[in-house]
Amino acid sequence: MATFVLAPHSLSPATRLKDAAAVAFIALLLGIPMIGLTTVDSGGALQIATRWPTLLIFVGIAFAGRLVLRYGIDQFKAHQLTRERSSAATAAAALADSSGRTAKPALTWVAWAALGVALTLPIFFADNRYVVDTATTVLIYVMLGWGLNVVVGLAGLLDLGYVAFYAVGAYTYAILGTQFGWGFWEALPVAGAMAALFGVLLGWPTLRLRGDYLAIVTLGFGEIIRVILVNWTELSGGPNGIASIPRPTFFGLELKPPGDDPTFSSFFGIEYSPIHRLIFLYYLILALALLTNLFVSRMRKLPIGRAWEAIREDEIACKAMGINARNVKLSAFAIGAMLGGFAGVFFAARMGFISPESFTFSESAIILAIVVLGGMGSQLGVVLASLVLVLLPELGRDFAEYRMLLFGAAMVLIMVWKPGGILSHREPTLRYTADGDGK
Amino acid sequence: MMLQLSGVHAHYGSIHALHGVDVAVQVGEVVTLIGANGAGKSTLMMSIFGQPRASAGRIVFDGEDITALPTHDIARRGIALVPEGRRIFPRMTVLENLQMGAVLGEESNFAVDLKRMYTLFPILEERCTQSAGTLSGGEQQMLAIARALMSRPQLLLLDEPSLGLAPLYIKKIFQIIRELNREHGMTILLVEQNAHHALRVAHRGYVLQHGQIILSGTGSELLASPEVRAAYLEGAQTETAA
């Protein structure tokens with residue numbers, strides 16, 4: 001077989017030059033009308049002028065660029081090939097746990113580094129609203145990604161309507177807060193429970209569905225919730241949304257300019273600054289996200305978490321083992337929805353205003369993309385994918401209308417290079433100990 | 001009587017797959033169902049688990065009518081299945097697969113049962129941290145059997161355990177079936193295309209054709225029967241020699 005393998009990385013320099021020359025020639029052909037010739041306005045009449053030096057530079061760039069690109073891709077492929085070969089060799093020769101152990105420390109290191117950066121970020125950017133605000137957005141998506149990961153990554157139920165639970169959480173808090181005067185902390189568990197209830201209600205009819213069919217039905221449910229929010233004006237304010245939603249407090253201390261009641265700044269005797277609230281919101285979502293992560297990692301190691309994964313792997317085998325597939329799936333829906341609901345509460349509290357426009361299908365799609373790009377089931381992968389998917393459009397603001405193009409290209413590139421997601425390595429939930437029991 | 005199927009009919013959509021089948025399994029027996037492709041062997045096996053549910057007839061296990069019970073409740077009565085095509089959980093490790101098998105059992109039994117499985121299938125101990133999907137077909141079949149045994153079942157259903165395995169592994173699988181029955185007293189219902197091996201290990205056998213039992217008897221009777229030899233044991237002579 002080896003003789004038939006195409007090995008682009010072992011091309012001779014002459015072939016590479018020929019290849020680059022061909023590209024340069026095409027660039028020349030394209031460049032003559034587009035760059036080489038230009039129109040100039042001379043005294044009211046259009047005249048054609050030539051720009052041969054510019055064209056020459058353009059062709060030169062194409063030539064050199066092609067050489068570098070080709071070389072880079074080939075090196076990458078060669079590297080991948082050797083890695084595949086060596087990993088195949090080790091898998092055949094030795095126990096897989098040795099490779100499992102080498103993969104782990106690097107990832108743990110990345111995870112701790114990410115946590116360190118997340119914890120200290122507001123200290124370094126205390127005067128930069130934009131950075132803190134964007135980081136908060138990233139963390140909302142991280143939390144949503146971890147929530148959806150339970151449903152899609154662990155239980156393997158393709159849910160395209162996850163934004164519905166985000167909306168249920170946000171609206172529950174908005175209504176409780178504006179109509180009944182509830183605070184953030186009282187509303188948080190109630191809104192989570194409400195979202196979990198909706199998770200069960202919407203999960204129930206889909207129990208017999210799988211794959212594409214499940215995706216279509218959940219997509220429909222997501223839209224139903226949004227359409228209800230648009231049309232049930234008395235409850236949700238319709239398209240106008242709900243405004244002046246109460247802000248979260250720091251143990252009862254409000255983060256606002258000093259007034260009659262003690263505020264955060266007056267209580268601690270520091271000068272009031274509007275950024276305090278942003279930093280507080282940042283740490284709040286960081287805490288919520290970390291709790292989510294802890295909760296989900298813990299669940300994964302419990303029998304219910306292992307049952308989620310087993311259902312993803314093979315439902316019939318699960319049933320034959322005595323697992324009640326209905327309950328397992330509903331619990332995944334409920335817990336995923338609850339976490340989405342928590343994120344929704346935070347979203348409403350942060351914005352102070354919500355409307356159905358924030359809960360469109362494209363939100364669901366982005367959250368799902370985060371889970372898939374991150375590597376289904378991988379917690380750290382969700383963080384990396386959120387960074388990419390939130391920061392890319394932000395960084396791309398300078399490119400105006402090319403922004404979404406950049407975004408799409410990044411998604412395609414990730415899927416081409418890493419079809420299993422950025423981190424597709426699955427961490428076993430059980431470690432084997434020498435005395436024979438698997439605890 | 002451990003398991004008794006009487007007059008069981010089953011459908012796959014509009015296909016009438018079983019036409020009133022009677023099968024009985026006694027405690028401590030190995031019973032085999034043989035028949036050609038599409039005879040309804042696997043349907044019969046799965047209908048015990050309610051997948052598909054028997055549309056007529058009764059399935060009684062240990063004195064209790066289980067015909068209408070949900071699949072997971074049937075499993076909880078003490079029946080374990082080694083499904084056709086093994087159906088292990090490929091992305092979970094070998095150890096996690098075994099733990100899924102023990103999900104109903106007492107937690108205190110887990111360590112003992114795990115040791116028992118590792119003695120029975122030493123290869124699983126070697127591979128315990130590997131994802132199950134990376135095992136060879138024969139190893140996966142062992143894992144599927146071990147996973148089923150982890151629940152300490154009273155009755156073990158084996159659906160085509162030799163399917164797609166190398167001859168060496170087929171031999172090994174049947175050795176294990178024999179060992180489980182003779183030394184551990186396990187009651188086994190075995191569906192097989194490999195009629196020769198199946199009848200040799202089984203106390204009794206049934207021959208299924210077009211969804212009906214056309215012949216039954218002890219393993220050696222069926223092995224000697226001219227109809228069985230003509231229909232299912234053509235070319236088996238060479239295997240006997242080997």
# chains A, B, ... in the order shown; residues from 1 in each chain; ligands from 1
>>> interface_residues(of="chain B", to="chain A", cutoff="8 Å", atoms="only C-alpha atoms", output="MDAnalysis selection string")
chainID B and resid 49 71:76 80:81 83 87:93 95:96 100:101 103:104 110:111 114:115 126:130 148 151
>>> residues_around(residues="Gly137 of chain B", least_positions_apart="5", cutoff="12 Å", atoms="only C-alpha atoms", output="MDAnalysis selection string")
chainID B and resid 85:88 90 132 142:144 161:170 173
>>> write_last_selection(atoms="C-alpha atoms", output="short mmCIF file (atom, residue, chain, number, x, y, z; two decimals), in the first residue's frame")
data_model
loop_
_atom_site.label_atom_id
_atom_site.label_comp_id
_atom_site.auth_asym_id
_atom_site.auth_seq_id
_atom_site.Cartn_x
_atom_site.Cartn_y
_atom_site.Cartn_z
CA GLY B 85 -23.08 -7.34 16.51
CA ARG B 86 -21.86 -7.02 20.14
CA ARG B 87 -23.06 -3.42 20.62
CA ILE B 88 -20.37 -2.51 23.09
CA PRO B 90 -17.06 2.00 21.58
CA ALA B 132 -13.66 -0.54 23.65
CA MET B 142 -15.58 -11.25 25.04
CA LEU B 143 -16.25 -7.79 26.40
CA ALA B 144 -19.91 -8.05 25.41
CA PRO B 161 -21.73 -14.67 19.28
CA SER B 162 -19.54 -16.18 16.55
CA LEU B 163 -20.65 -13.77 13.85
CA GLY B 164 -17.71 -12.40 11.87
CA LEU B 165 -15.03 -13.86 14.10
CA ALA B 166 -11.86 -15.68 13.15
CA PRO B 167 -12.03 -19.49 13.58
CA LEU B 168 -9.71 -19.38 16.58
CA TYR B 169 -12.00 -16.93 18.37
CA ILE B 170 -15.11 -18.92 17.44
CA ILE B 173 -16.20 -18.33 22.43
#
>>> closest_residue(among="B:Gln193, B:Leu69, B:Met1, B:Glu107", to="Glu29 of chain B", atoms="only C-alpha atoms")
B:Met1
>>> closest_residue(among="B:Ile34, B:Leu158, B:Ala146, B:Leu233", to="Ile188 of chain B", atoms="only C-alpha atoms")
B:Leu158
>>> residues_around(residues="Ile66 of chain B", least_positions_apart="2", cutoff="12 Å", atoms="only C-alpha atoms", output="number ranges by chain")
B: 3-5, 47-50, 53-54, 57-64, 68-79
>>> write_last_selection(atoms="N, CA and C atoms", output="short mmCIF file (atom, residue, chain, number, x, y, z; two decimals), in the first residue's frame")
data_model
loop_
_atom_site.label_atom_id
_atom_site.label_comp_id
_atom_site.auth_asym_id
_atom_site.auth_seq_id
_atom_site.Cartn_x
_atom_site.Cartn_y
_atom_site.Cartn_z
N LEU B 3 -37.57 -20.18 31.35
CA LEU B 3 -38.15 -19.30 30.34
C LEU B 3 -39.08 -20.11 29.46
N GLN B 4 -40.25 -19.57 29.21
CA GLN B 4 -41.23 -20.29 28.40
C GLN B 4 -41.89 -19.32 27.43
N LEU B 5 -41.70 -19.57 26.14
CA LEU B 5 -42.41 -18.79 25.14
C LEU B 5 -43.51 -19.67 24.59
N SER B 47 -37.49 -10.35 20.88
CA SER B 47 -38.88 -10.21 21.35
C SER B 47 -39.00 -10.63 22.81
N ILE B 48 -38.04 -11.45 23.30
CA ILE B 48 -38.02 -11.75 24.73
C ILE B 48 -37.81 -10.44 25.49
N PHE B 49 -37.02 -9.51 24.89
CA PHE B 49 -36.74 -8.21 25.48
C PHE B 49 -37.75 -7.14 25.07
N GLY B 50 -38.79 -7.57 24.35
CA GLY B 50 -39.80 -6.59 23.96
C GLY B 50 -39.36 -5.68 22.83
N ARG B 53 -42.02 -6.04 20.41
CA ARG B 53 -42.89 -6.68 21.38
C ARG B 53 -43.71 -7.78 20.71
N ALA B 54 -43.90 -8.90 21.42
CA ALA B 54 -44.71 -9.99 20.89
C ALA B 54 -46.15 -9.50 20.68
N GLY B 57 -49.34 -14.24 22.06
CA GLY B 57 -48.60 -15.25 22.80
C GLY B 57 -48.08 -14.71 24.12
N ARG B 58 -47.43 -15.63 24.87
CA ARG B 58 -46.99 -15.26 26.20
C ARG B 58 -45.52 -15.59 26.39
N ILE B 59 -44.82 -14.73 27.10
CA ILE B 59 -43.43 -15.01 27.48
C ILE B 59 -43.38 -15.01 29.00
N VAL B 60 -43.04 -16.16 29.58
CA VAL B 60 -43.01 -16.27 31.04
C VAL B 60 -41.58 -16.53 31.47
N PHE B 61 -41.09 -15.70 32.39
CA PHE B 61 -39.74 -15.89 32.91
C PHE B 61 -39.84 -16.10 34.41
N ASP B 62 -39.34 -17.24 34.88
CA ASP B 62 -39.30 -17.50 36.31
C ASP B 62 -40.69 -17.37 36.94
N GLY B 63 -41.71 -17.86 36.22
CA GLY B 63 -43.06 -17.81 36.76
C GLY B 63 -43.79 -16.50 36.59
N GLU B 64 -43.12 -15.49 36.00
CA GLU B 64 -43.75 -14.18 35.85
C GLU B 64 -43.94 -13.87 34.37
N ALA B 68 -45.37 -8.01 28.49
CA ALA B 68 -45.69 -6.60 28.28
C ALA B 68 -44.76 -5.65 29.03
N LEU B 69 -43.75 -6.18 29.72
CA LEU B 69 -42.88 -5.30 30.51
C LEU B 69 -41.98 -4.46 29.60
N PRO B 70 -41.64 -3.24 30.05
CA PRO B 70 -40.65 -2.47 29.29
C PRO B 70 -39.30 -3.18 29.29
N THR B 71 -38.50 -2.92 28.25
CA THR B 71 -37.23 -3.62 28.06
C THR B 71 -36.34 -3.58 29.31
N HIS B 72 -36.21 -2.37 29.91
CA HIS B 72 -35.28 -2.29 31.04
C HIS B 72 -35.79 -3.07 32.25
N ASP B 73 -37.12 -3.19 32.38
CA ASP B 73 -37.65 -3.99 33.49
C ASP B 73 -37.41 -5.48 33.27
N ILE B 74 -37.46 -5.90 32.01
CA ILE B 74 -37.18 -7.30 31.70
C ILE B 74 -35.74 -7.62 32.09
N ALA B 75 -34.84 -6.69 31.75
CA ALA B 75 -33.44 -6.90 32.11
C ALA B 75 -33.28 -7.00 33.62
N ARG B 76 -34.06 -6.19 34.33
CA ARG B 76 -33.93 -6.19 35.80
C ARG B 76 -34.43 -7.47 36.44
N ARG B 77 -35.22 -8.26 35.70
CA ARG B 77 -35.68 -9.53 36.25
C ARG B 77 -34.57 -10.56 36.29
N GLY B 78 -33.42 -10.28 35.65
CA GLY B 78 -32.30 -11.21 35.68
C GLY B 78 -31.99 -11.87 34.35
N ILE B 79 -32.37 -11.20 33.25
CA ILE B 79 -31.99 -11.69 31.93
C ILE B 79 -30.94 -10.74 31.37
#
